[in-house]
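Undergrad: You'll find data.txt just under this line, and it carries compact mmCIF, C-alpha atoms.
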# COMPACT_ATOMS: atom_id res chain seq x y z
CA MET K 1 0.00 0.00 0.00
CA GLU K 2 1.33 3.35 -1.02
CA VAL K 3 1.97 6.10 1.47
CA GLN K 4 0.63 9.50 0.48
CA PRO K 5 2.43 12.46 1.97
CA ILE K 6 0.16 14.77 3.94
CA ASP K 7 0.12 17.87 6.14
CA ILE K 8 0.15 17.08 9.81
CA LEU K 9 -0.52 19.48 12.63
CA LEU K 10 1.01 18.57 15.98
CA ILE K 11 -0.38 20.36 19.03
CA GLU K 12 2.15 19.57 21.73
CA ASP K 13 4.11 21.55 24.31
CA ASN K 14 6.83 19.06 25.26
CA PRO K 15 9.94 19.73 23.11
CA GLY K 16 11.20 16.16 23.56
CA ASP K 17 7.93 14.69 22.31
CA ILE K 18 7.87 17.08 19.37
CA GLU K 19 11.30 15.90 18.29
CA LEU K 20 10.31 12.25 18.65
CA VAL K 21 7.19 12.70 16.55
CA ARG K 22 9.16 14.56 13.91
CA ALA K 23 11.85 11.89 13.83
CA ALA K 24 9.34 9.05 13.58
CA PHE K 25 7.42 10.66 10.73
CA GLU K 26 10.62 11.50 8.92
CA GLU K 27 11.75 7.92 9.21
CA ALA K 28 8.40 6.75 7.88
CA ARG K 29 8.53 9.46 5.17
CA ALA K 30 5.02 10.08 6.22
CA TYR K 31 4.35 13.75 5.71
CA ASN K 32 4.82 16.72 3.47
CA HIS K 33 4.77 19.22 6.19
CA LEU K 34 4.65 19.10 9.97
CA THR K 35 3.34 22.21 11.69
CA VAL K 36 3.77 22.47 15.45
CA ILE K 37 1.64 24.55 17.79
CA ASN K 38 2.82 24.67 21.39
CA ASP K 39 -0.21 25.76 23.37
CA GLY K 40 -3.96 25.36 23.42
CA GLN K 41 -4.82 29.01 22.98
CA GLU K 42 -2.74 29.25 19.83
CA ALA K 43 -4.38 26.07 18.50
CA VAL K 44 -7.86 27.49 19.03
CA GLU K 45 -6.87 30.71 17.25
CA PHE K 46 -5.43 28.72 14.37
CA PHE K 47 -8.80 27.07 13.77
CA GLU K 48 -10.91 30.12 14.40
CA LYS K 49 -8.96 31.96 11.71
CA GLY K 50 -9.96 29.09 9.43
CA GLU K 51 -6.88 29.32 7.24
CA ALA K 52 -4.97 26.28 6.02
CA ALA K 53 -6.46 23.02 7.22
CA PRO K 54 -4.20 20.04 7.91
CA ASP K 55 -5.00 16.47 6.84
CA LEU K 56 -4.46 15.05 10.29
CA ILE K 57 -4.09 16.52 13.77
CA LEU K 58 -2.17 15.00 16.64
CA LEU K 59 -3.38 16.57 19.88
CA ASP K 60 -1.94 16.39 23.39
CA ILE K 61 -4.29 16.81 26.38
CA ASN K 62 -2.16 18.60 28.94
CA LEU K 63 -1.42 21.83 27.16
CA PRO K 64 -0.64 25.30 28.47
CA LYS K 65 -3.44 27.89 28.59
CA VAL K 66 -6.26 25.84 27.03
CA ASN K 67 -6.33 22.07 27.54
CA GLY K 68 -6.71 19.50 24.78
CA PHE K 69 -10.38 18.74 25.52
CA GLU K 70 -11.31 22.37 25.01
CA VAL K 71 -9.20 22.52 21.87
CA LEU K 72 -10.96 19.41 20.56
CA GLN K 73 -14.38 20.86 21.33
CA LYS K 74 -13.51 24.15 19.62
CA ILE K 75 -12.07 22.38 16.57
CA ARG K 76 -15.22 20.27 16.19
CA ALA K 77 -17.36 23.40 16.47
CA THR K 78 -15.74 25.07 13.45
CA GLN K 79 -17.01 24.42 9.93
CA LYS K 80 -13.76 22.90 8.65
CA GLY K 81 -12.93 21.19 11.91
CA LYS K 82 -15.94 18.88 11.79
CA ASN K 83 -14.34 16.80 9.11
CA PHE K 84 -10.74 16.11 9.66
CA PRO K 85 -9.25 13.46 11.86
CA VAL K 86 -8.05 14.44 15.33
CA VAL K 87 -5.93 11.88 17.08
CA ILE K 88 -5.22 12.24 20.79
CA LEU K 89 -1.63 11.43 21.66
CA SER K 90 -1.28 11.89 25.40
CA SER K 91 0.75 10.59 28.29
CA SER K 92 -2.53 9.96 30.11
CA GLU K 93 -3.90 6.47 30.64
CA ILE K 94 -6.77 7.68 32.77
CA GLU K 95 -10.05 6.10 31.75
CA LEU K 96 -11.99 9.33 32.18
CA ASP K 97 -9.62 11.13 29.80
CA ILE K 98 -10.01 8.35 27.23
CA ASN K 99 -13.79 8.25 27.52
CA ARG K 100 -14.16 12.01 27.42
CA SER K 101 -12.02 12.23 24.29
CA TYR K 102 -14.22 9.79 22.39
CA SER K 103 -17.40 11.46 23.58
CA GLN K 104 -16.02 14.68 22.09
CA TYR K 105 -15.36 12.94 18.79
CA THR K 106 -11.67 12.28 18.79
CA ASP K 107 -10.94 9.71 16.10
CA HIS K 108 -8.87 7.67 18.49
CA PHE K 109 -6.88 7.89 21.69
CA ILE K 110 -3.32 6.72 21.99
CA THR K 111 -1.19 6.79 25.11
CA LYS K 112 2.41 7.88 24.55
CA PRO K 113 4.68 5.03 25.50
CA VAL K 114 7.39 6.03 27.98
CA ASP K 115 9.95 3.85 26.24
CA PHE K 116 11.76 5.65 23.41
CA ASP K 117 11.65 2.83 20.84
CA LYS K 118 8.01 2.12 21.56
CA PHE K 119 7.16 5.79 21.20
CA ILE K 120 8.77 5.86 17.75
CA ALA K 121 6.98 2.62 16.80
CA VAL K 122 3.61 3.97 17.87
CA VAL K 123 4.00 7.22 15.92
CA LYS K 124 5.04 5.22 12.87
CA SER K 125 1.93 3.05 13.26
CA ILE K 126 -0.23 6.15 13.36
CA GLY K 127 1.44 7.35 10.18
CA LYS K 128 1.09 3.99 8.48
CA PHE K 129 -2.55 3.57 9.45
CA TRP K 130 -3.73 7.06 8.49
CA LEU K 131 -1.61 7.39 5.41
CA SER K 132 -1.77 3.99 3.80
CA VAL K 133 -4.92 2.29 5.11
CA VAL K 134 -7.42 5.05 5.67
CA LYS K 135 -9.05 7.37 3.15
CA LEU K 136 -8.71 10.88 4.45
CA PRO K 137 -11.33 13.51 3.72
CA GLU K 138 -10.53 16.17 1.18
CA LYS K 139 -9.55 19.43 2.75
CA LYS K 140 -11.85 21.60 0.69
CA GLU K 141 -15.57 21.50 0.94
CA MET H 1 -7.07 -9.36 28.57
CA SER H 2 -10.78 -8.88 28.25
CA SER H 3 -12.59 -9.69 25.06
CA ILE H 4 -13.70 -7.04 22.61
CA GLU H 5 -17.25 -6.98 21.34
CA CYS H 6 -17.21 -6.07 17.69
CA LEU H 7 -20.32 -5.39 15.64
CA LEU H 8 -20.00 -5.89 11.90
CA ILE H 9 -22.81 -4.23 9.94
CA GLU H 10 -22.54 -5.73 6.48
CA ASP H 11 -25.06 -7.18 4.04
CA ASN H 12 -22.66 -8.96 1.71
CA PRO H 13 -22.22 -12.55 2.98
CA GLY H 14 -18.90 -12.88 1.14
CA ASP H 15 -17.48 -9.82 2.88
CA VAL H 16 -18.79 -11.03 6.24
CA GLU H 17 -17.00 -14.35 5.84
CA LEU H 18 -13.84 -12.75 4.58
CA THR H 19 -13.77 -10.30 7.49
CA ARG H 20 -14.32 -13.10 9.98
CA GLU H 21 -11.60 -15.23 8.41
CA SER H 22 -9.15 -12.33 8.31
CA LEU H 23 -9.40 -11.55 12.01
CA LYS H 24 -6.50 -13.06 13.88
CA HIS H 25 -7.00 -12.01 17.47
CA GLY H 26 -9.19 -14.35 19.50
CA ARG H 27 -10.16 -11.32 21.58
CA ILE H 28 -12.12 -9.87 18.72
CA ARG H 29 -12.79 -12.86 16.49
CA ASN H 30 -14.66 -14.77 19.18
CA ASN H 31 -16.94 -11.85 19.83
CA LEU H 32 -17.80 -10.75 16.35
CA HIS H 33 -21.50 -10.06 15.96
CA VAL H 34 -23.02 -9.54 12.55
CA VAL H 35 -26.16 -7.72 11.45
CA GLU H 36 -27.15 -7.51 7.81
CA ASP H 37 -29.17 -4.37 7.41
CA GLY H 38 -29.54 -0.89 8.85
CA GLU H 39 -32.78 -1.62 10.67
CA GLN H 40 -31.26 -4.58 12.48
CA ALA H 41 -28.20 -2.46 13.23
CA LEU H 42 -30.29 0.22 14.93
CA ASP H 43 -32.24 -2.40 16.90
CA TYR H 44 -28.95 -3.90 18.05
CA LEU H 45 -27.34 -0.57 18.94
CA PHE H 46 -30.39 0.82 20.67
CA GLN H 47 -31.03 -2.52 22.40
CA ARG H 48 -34.54 -3.02 21.08
CA GLY H 49 -36.59 -6.18 20.56
CA GLU H 50 -34.48 -9.32 20.41
CA TYR H 51 -31.41 -7.23 21.26
CA ALA H 52 -32.86 -5.82 24.51
CA ASN H 53 -30.26 -7.62 26.61
CA THR H 54 -27.32 -7.28 24.24
CA LEU H 55 -24.15 -5.51 25.34
CA LEU H 56 -23.16 -2.43 23.40
CA PRO H 57 -20.18 -3.17 21.15
CA ASP H 58 -16.70 -1.84 21.87
CA ILE H 59 -16.11 -1.14 18.21
CA ILE H 60 -18.20 -1.12 15.02
CA LEU H 61 -17.34 -1.94 11.41
CA LEU H 62 -19.97 -0.30 9.22
CA ASP H 63 -20.73 -0.65 5.55
CA LEU H 64 -22.45 2.37 3.99
CA ASN H 65 -24.78 0.85 1.46
CA LEU H 66 -27.16 -1.30 3.44
CA PRO H 67 -30.69 -2.59 2.88
CA LYS H 68 -33.65 -0.95 4.65
CA ILE H 69 -31.78 1.83 6.48
CA ASP H 70 -28.65 3.32 5.00
CA GLY H 71 -25.32 3.11 6.83
CA ARG H 72 -25.11 6.90 6.99
CA GLU H 73 -28.38 6.98 8.95
CA VAL H 74 -27.04 4.36 11.34
CA LEU H 75 -23.90 6.44 11.82
CA ARG H 76 -25.90 9.62 12.39
CA ALA H 77 -28.19 7.98 14.95
CA LEU H 78 -25.25 6.52 16.87
CA LYS H 79 -23.07 9.61 16.87
CA THR H 80 -25.83 11.95 17.99
CA ASP H 81 -26.80 9.76 20.94
CA SER H 82 -25.03 10.86 24.12
CA ARG H 83 -24.86 7.29 25.48
CA ARG H 84 -23.45 5.80 22.29
CA ARG H 85 -21.50 8.42 20.42
CA HIS H 86 -18.21 7.37 22.07
CA ILE H 87 -18.23 3.98 20.33
CA PRO H 88 -15.63 3.98 17.53
CA VAL H 89 -17.06 3.40 14.07
CA ILE H 90 -14.81 2.26 11.26
CA ILE H 91 -16.42 2.69 7.85
CA LEU H 92 -15.55 -0.25 5.63
CA SER H 93 -17.13 0.48 2.31
CA SER H 94 -16.57 -0.34 -1.32
CA SER H 95 -17.03 3.35 -2.08
CA GLU H 96 -14.10 5.57 -2.88
CA ALA H 97 -16.26 8.58 -3.66
CA ALA H 98 -14.97 11.78 -2.09
CA GLN H 99 -18.51 12.69 -1.08
CA ASP H 100 -19.01 9.48 0.90
CA ILE H 101 -15.66 9.92 2.62
CA GLN H 102 -16.39 13.55 3.46
CA GLU H 103 -19.88 12.84 4.73
CA SER H 104 -18.72 9.96 6.90
CA TYR H 105 -16.17 12.13 8.69
CA ARG H 106 -18.70 14.91 9.05
CA LEU H 107 -21.03 12.43 10.76
CA HIS H 108 -18.11 11.55 13.06
CA ALA H 109 -17.01 8.22 11.70
CA ASN H 110 -13.68 7.45 13.38
CA CYS H 111 -12.06 6.49 10.10
CA PHE H 112 -12.98 5.56 6.55
CA ILE H 113 -11.50 2.57 4.77
CA SER H 114 -12.28 1.53 1.21
CA LYS H 115 -12.62 -2.22 0.85
CA PRO H 116 -9.77 -3.36 -1.35
CA VAL H 117 -10.95 -5.33 -4.37
CA GLN H 118 -8.09 -7.81 -4.30
CA LEU H 119 -8.58 -10.65 -1.82
CA ASN H 120 -5.12 -10.39 -0.28
CA ASP H 121 -5.41 -6.65 0.13
CA PHE H 122 -8.80 -7.06 1.80
CA ILE H 123 -7.34 -9.50 4.32
CA LYS H 124 -4.40 -7.19 4.92
CA ALA H 125 -6.69 -4.20 5.48
CA VAL H 126 -8.81 -6.06 8.06
CA GLN H 127 -5.68 -7.18 9.87
CA MET H 128 -4.27 -3.66 9.89
CA ILE H 129 -7.52 -2.36 11.37
CA GLU H 130 -7.34 -5.06 13.99
CA THR H 131 -3.70 -4.49 14.89
CA PHE H 132 -4.08 -0.76 15.07
CA TRP H 133 -7.36 -0.54 16.95
CA ILE H 134 -6.68 -3.41 19.34
CA ASP H 135 -2.96 -3.19 20.01
CA ILE H 136 -2.20 0.50 19.74
CA VAL H 137 -5.34 2.50 20.37
CA HIS H 138 -7.00 2.86 23.77
CA LEU H 139 -10.69 2.12 23.28
CA PRO H 140 -13.31 3.93 25.35
CA THR H 141 -15.32 2.07 27.97
CA LEU H 142 -18.13 4.50 28.75
CA PRO H 143 -19.64 7.72 27.47
CA VAL H 144 -18.93 11.01 29.22
CA GLU H 145 -21.59 13.70 29.09
Please rewrite the model in this file as structure tokens.
TA:
Amino acid sequence: MEVQPIDILLIEDNPGDIELVRAAFEEARAYNHLTVINDGQEAVEFFEKGEAAPDLILLDINLPKVNGFEVLQKIRATQKGKNFPVVILSSSEIELDINRSYSQYTDHFITKPVDFDKFIAVVKSIGKFWLSVVKLPEKKE
Amino acid sequence: MSSIECLLIEDNPGDVELTRESLKHGRIRNNLHVVEDGEQALDYLFQRGEYANTLLPDIILLDLNLPKIDGREVLRALKTDSRRRHIPVIILSSSEAAQDIQESYRLHANCFISKPVQLNDFIKAVQMIETFWIDIVHLPTLPVE
């Protein structure tokens, strides 16, 4: 199955995790462009402006200023944000966090593995699944 | 590890068999429930009639073109119900039409997969769904208002 390069938006405040995600996607040659937003408030503004839409969003929960749940809710409330996949990638394993994410229409919830190699493997799996198995929605509507 | 209740909503008997055969994990394979049309799917998911005592599934594989009630209607009903909208729905359809893909995401499908035409690719796709959603993803257990 062929991998199509796409635009990914990573909403994440931890510099170490950002580097890991970037490295894993680079290794998987899984994106055209990776945009990083470091806090929740900035993420909300990004969507409210309604400019360029990514193909896939990776969203952390514990973010400065506005947390990931609020970001998710705001994204889903915008016209463009209804459609595209939002994947939660969080260090949380708390059941309430998982359940709340799905009830707010995350596409799926993944816990960041603590182990370095596992972290890379998980990000690669996300890339492989969304880029070679799934049909993504078109960005324009 | 606990078992995973999977509901397959699919009217094509060939695809049902192929999906069942492709599943490798006992955790999901042993608990695969099948309904063949949209009406039955809604009865199952809203625990009506013969399904009154059925557990809600942990994950759903949904075809779009179904007899009686369309798959899109099933998706809409599920994802607008506060007690059921958390359940992940994987669209597994023969459609590749941009409009179907777009509409499915708009109705909050968790992902859209076009059924590969080639047998081997079909098997591979089902196994990739299984590996990803069972081994890597954390599934929800309950809704949160």
Undergrad: Can you tell me which residues surround Gln73 (chain K) at a distance of at most 9 Å, considering only C-alpha atoms, apart from same-chain residues fewer than 5 positions away, and format the answer as an mmCIF file with C-alpha atoms, in the coordinates of the input?
TA:
data_model
loop_
_atom_site.group_PDB
_atom_site.id
_atom_site.type_symbol
_atom_site.label_atom_id
_atom_site.label_comp_id
_atom_site.auth_asym_id
_atom_site.auth_seq_id
_atom_site.Cartn_x
_atom_site.Cartn_y
_atom_site.Cartn_z
ATOM 1 C CA GLY K 68 -6.710 19.500 24.780
ATOM 2 C CA GLN K 104 -16.020 14.680 22.090
ATOM 3 C CA TYR K 105 -15.360 12.940 18.790
#
Undergrad: Give me, as a PDB file with C-alpha atoms, keeping the file's coordinate frame, the residues of chain K touching chain H, with the criterion being at most 10 Å (counting all atoms listed in the file).
TA:
ATOM      1  CA  MET K   1       0.000   0.000   0.000  1.00  0.00           C
ATOM      2  CA  ARG K  76     -15.220  20.270  16.190  1.00  0.00           C
ATOM      3  CA  GLN K  79     -17.010  24.420   9.930  1.00  0.00           C
ATOM      4  CA  LYS K  80     -13.760  22.900   8.650  1.00  0.00           C
ATOM      5  CA  GLY K  81     -12.930  21.190  11.910  1.00  0.00           C
ATOM      6  CA  LYS K  82     -15.940  18.880  11.790  1.00  0.00           C
ATOM      7  CA  ASN K  83     -14.340  16.800   9.110  1.00  0.00           C
ATOM      8  CA  PHE K  84     -10.740  16.110   9.660  1.00  0.00           C
ATOM      9  CA  PRO K  85      -9.250  13.460  11.860  1.00  0.00           C
ATOM     10  CA  VAL K  86      -8.050  14.440  15.330  1.00  0.00           C
ATOM     11  CA  VAL K  87      -5.930  11.880  17.080  1.00  0.00           C
ATOM     12  CA  ILE K  88      -5.220  12.240  20.790  1.00  0.00           C
ATOM     13  CA  LEU K  89      -1.630  11.430  21.660  1.00  0.00           C
ATOM     14  CA  GLU K  93      -3.900   6.470  30.640  1.00  0.00           C
ATOM     15  CA  GLU K  95     -10.050   6.100  31.750  1.00  0.00           C
ATOM     16  CA  LEU K  96     -11.990   9.330  32.180  1.00  0.00           C
ATOM     17  CA  ASP K  97      -9.620  11.130  29.800  1.00  0.00           C
ATOM     18  CA  ILE K  98     -10.010   8.350  27.230  1.00  0.00           C
ATOM     19  CA  ASN K  99     -13.790   8.250  27.520  1.00  0.00           C
ATOM     20  CA  ARG K 100     -14.160  12.010  27.420  1.00  0.00           C
ATOM     21  CA  SER K 101     -12.020  12.230  24.290  1.00  0.00           C
ATOM     22  CA  TYR K 102     -14.220   9.790  22.390  1.00  0.00           C
ATOM     23  CA  SER K 103     -17.400  11.460  23.580  1.00  0.00           C
ATOM     24  CA  GLN K 104     -16.020  14.680  22.090  1.00  0.00           C
ATOM     25  CA  TYR K 105     -15.360  12.940  18.790  1.00  0.00           C
ATOM     26  CA  THR K 106     -11.670  12.280  18.790  1.00  0.00           C
ATOM     27  CA  ASP K 107     -10.940   9.710  16.100  1.00  0.00           C
ATOM     28  CA  HIS K 108      -8.870   7.670  18.490  1.00  0.00           C
ATOM     29  CA  PHE K 109      -6.880   7.890  21.690  1.00  0.00           C
ATOM     30  CA  ILE K 110      -3.320   6.720  21.990  1.00  0.00           C
ATOM     31  CA  THR K 111      -1.190   6.790  25.110  1.00  0.00           C
ATOM     32  CA  LYS K 112       2.410   7.880  24.550  1.00  0.00           C
ATOM     33  CA  ALA K 121       6.980   2.620  16.800  1.00  0.00           C
ATOM     34  CA  VAL K 122       3.610   3.970  17.870  1.00  0.00           C
ATOM     35  CA  VAL K 123       4.000   7.220  15.920  1.00  0.00           C
ATOM     36  CA  SER K 125       1.930   3.050  13.260  1.00  0.00           C
ATOM     37  CA  ILE K 126      -0.230   6.150  13.360  1.00  0.00           C
ATOM     38  CA  LYS K 128       1.090   3.990   8.480  1.00  0.00           C
ATOM     39  CA  PHE K 129      -2.550   3.570   9.450  1.00  0.00           C
ATOM     40  CA  TRP K 130      -3.730   7.060   8.490  1.00  0.00           C
ATOM     41  CA  SER K 132      -1.770   3.990   3.800  1.00  0.00           C
ATOM     42  CA  VAL K 133      -4.920   2.290   5.110  1.00  0.00           C
ATOM     43  CA  VAL K 134      -7.420   5.050   5.670  1.00  0.00           C
ATOM     44  CA  LYS K 135      -9.050   7.370   3.150  1.00  0.00           C
ATOM     45  CA  LEU K 136      -8.710  10.880   4.450  1.00  0.00           C
ATOM     46  CA  PRO K 137     -11.330  13.510   3.720  1.00  0.00           C
ATOM     47  CA  GLU K 138     -10.530  16.170   1.180  1.00  0.00           C
ATOM     48  CA  LYS K 139      -9.550  19.430   2.750  1.00  0.00           C
ATOM     49  CA  LYS K 140     -11.850  21.600   0.690  1.00  0.00           C
ATOM     50  CA  GLU K 141     -15.570  21.500   0.940  1.00  0.00           C
TER      51      GLU K 141
END
Undergrad: For CA of His25 (chain H) and CA of Phe122 (chain H), quote the distance in Å rounded to one decimal.
TA: 16.5 Å
Undergrad: Just checking: using only C-alpha atoms, which residue out of K:Val114, K:Ala77, K:Leu10, K:Val66 ends up closest to Ile37 (chain K)?
TA: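 Of K:Val114, K:Ala77, K:Leu10, K:Val66, the one nearest Ile37 (chain K) is K:Leu10, counting only C-alpha atoms.
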Undergrad: If we count only C-alpha atoms, what is near region 19-32 of chain K at a cut-off of 7 Å, once residues fewer than 4 positions away on the same chain are taken out, given as an NGL selection string?
TA: :K and (3 or 5-8 or 15 or 120 or 123-124 or 127)
Undergrad: Between K:Ile94, K:Lys118, K:Ile11, K:Phe46, single out the one closest to Pro64 (chain K), counting all atoms listed in the file.
TA: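 With all atoms listed in the file as the atom set, the closest residue is K:Ile11.
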Undergrad: Considering all atoms listed in the file, state which residue in the set H:Leu8, H:Ala52, H:Leu62, H:Leu119 is at the smallest distance from Ile28 (chain H).
TA: H:Leu8
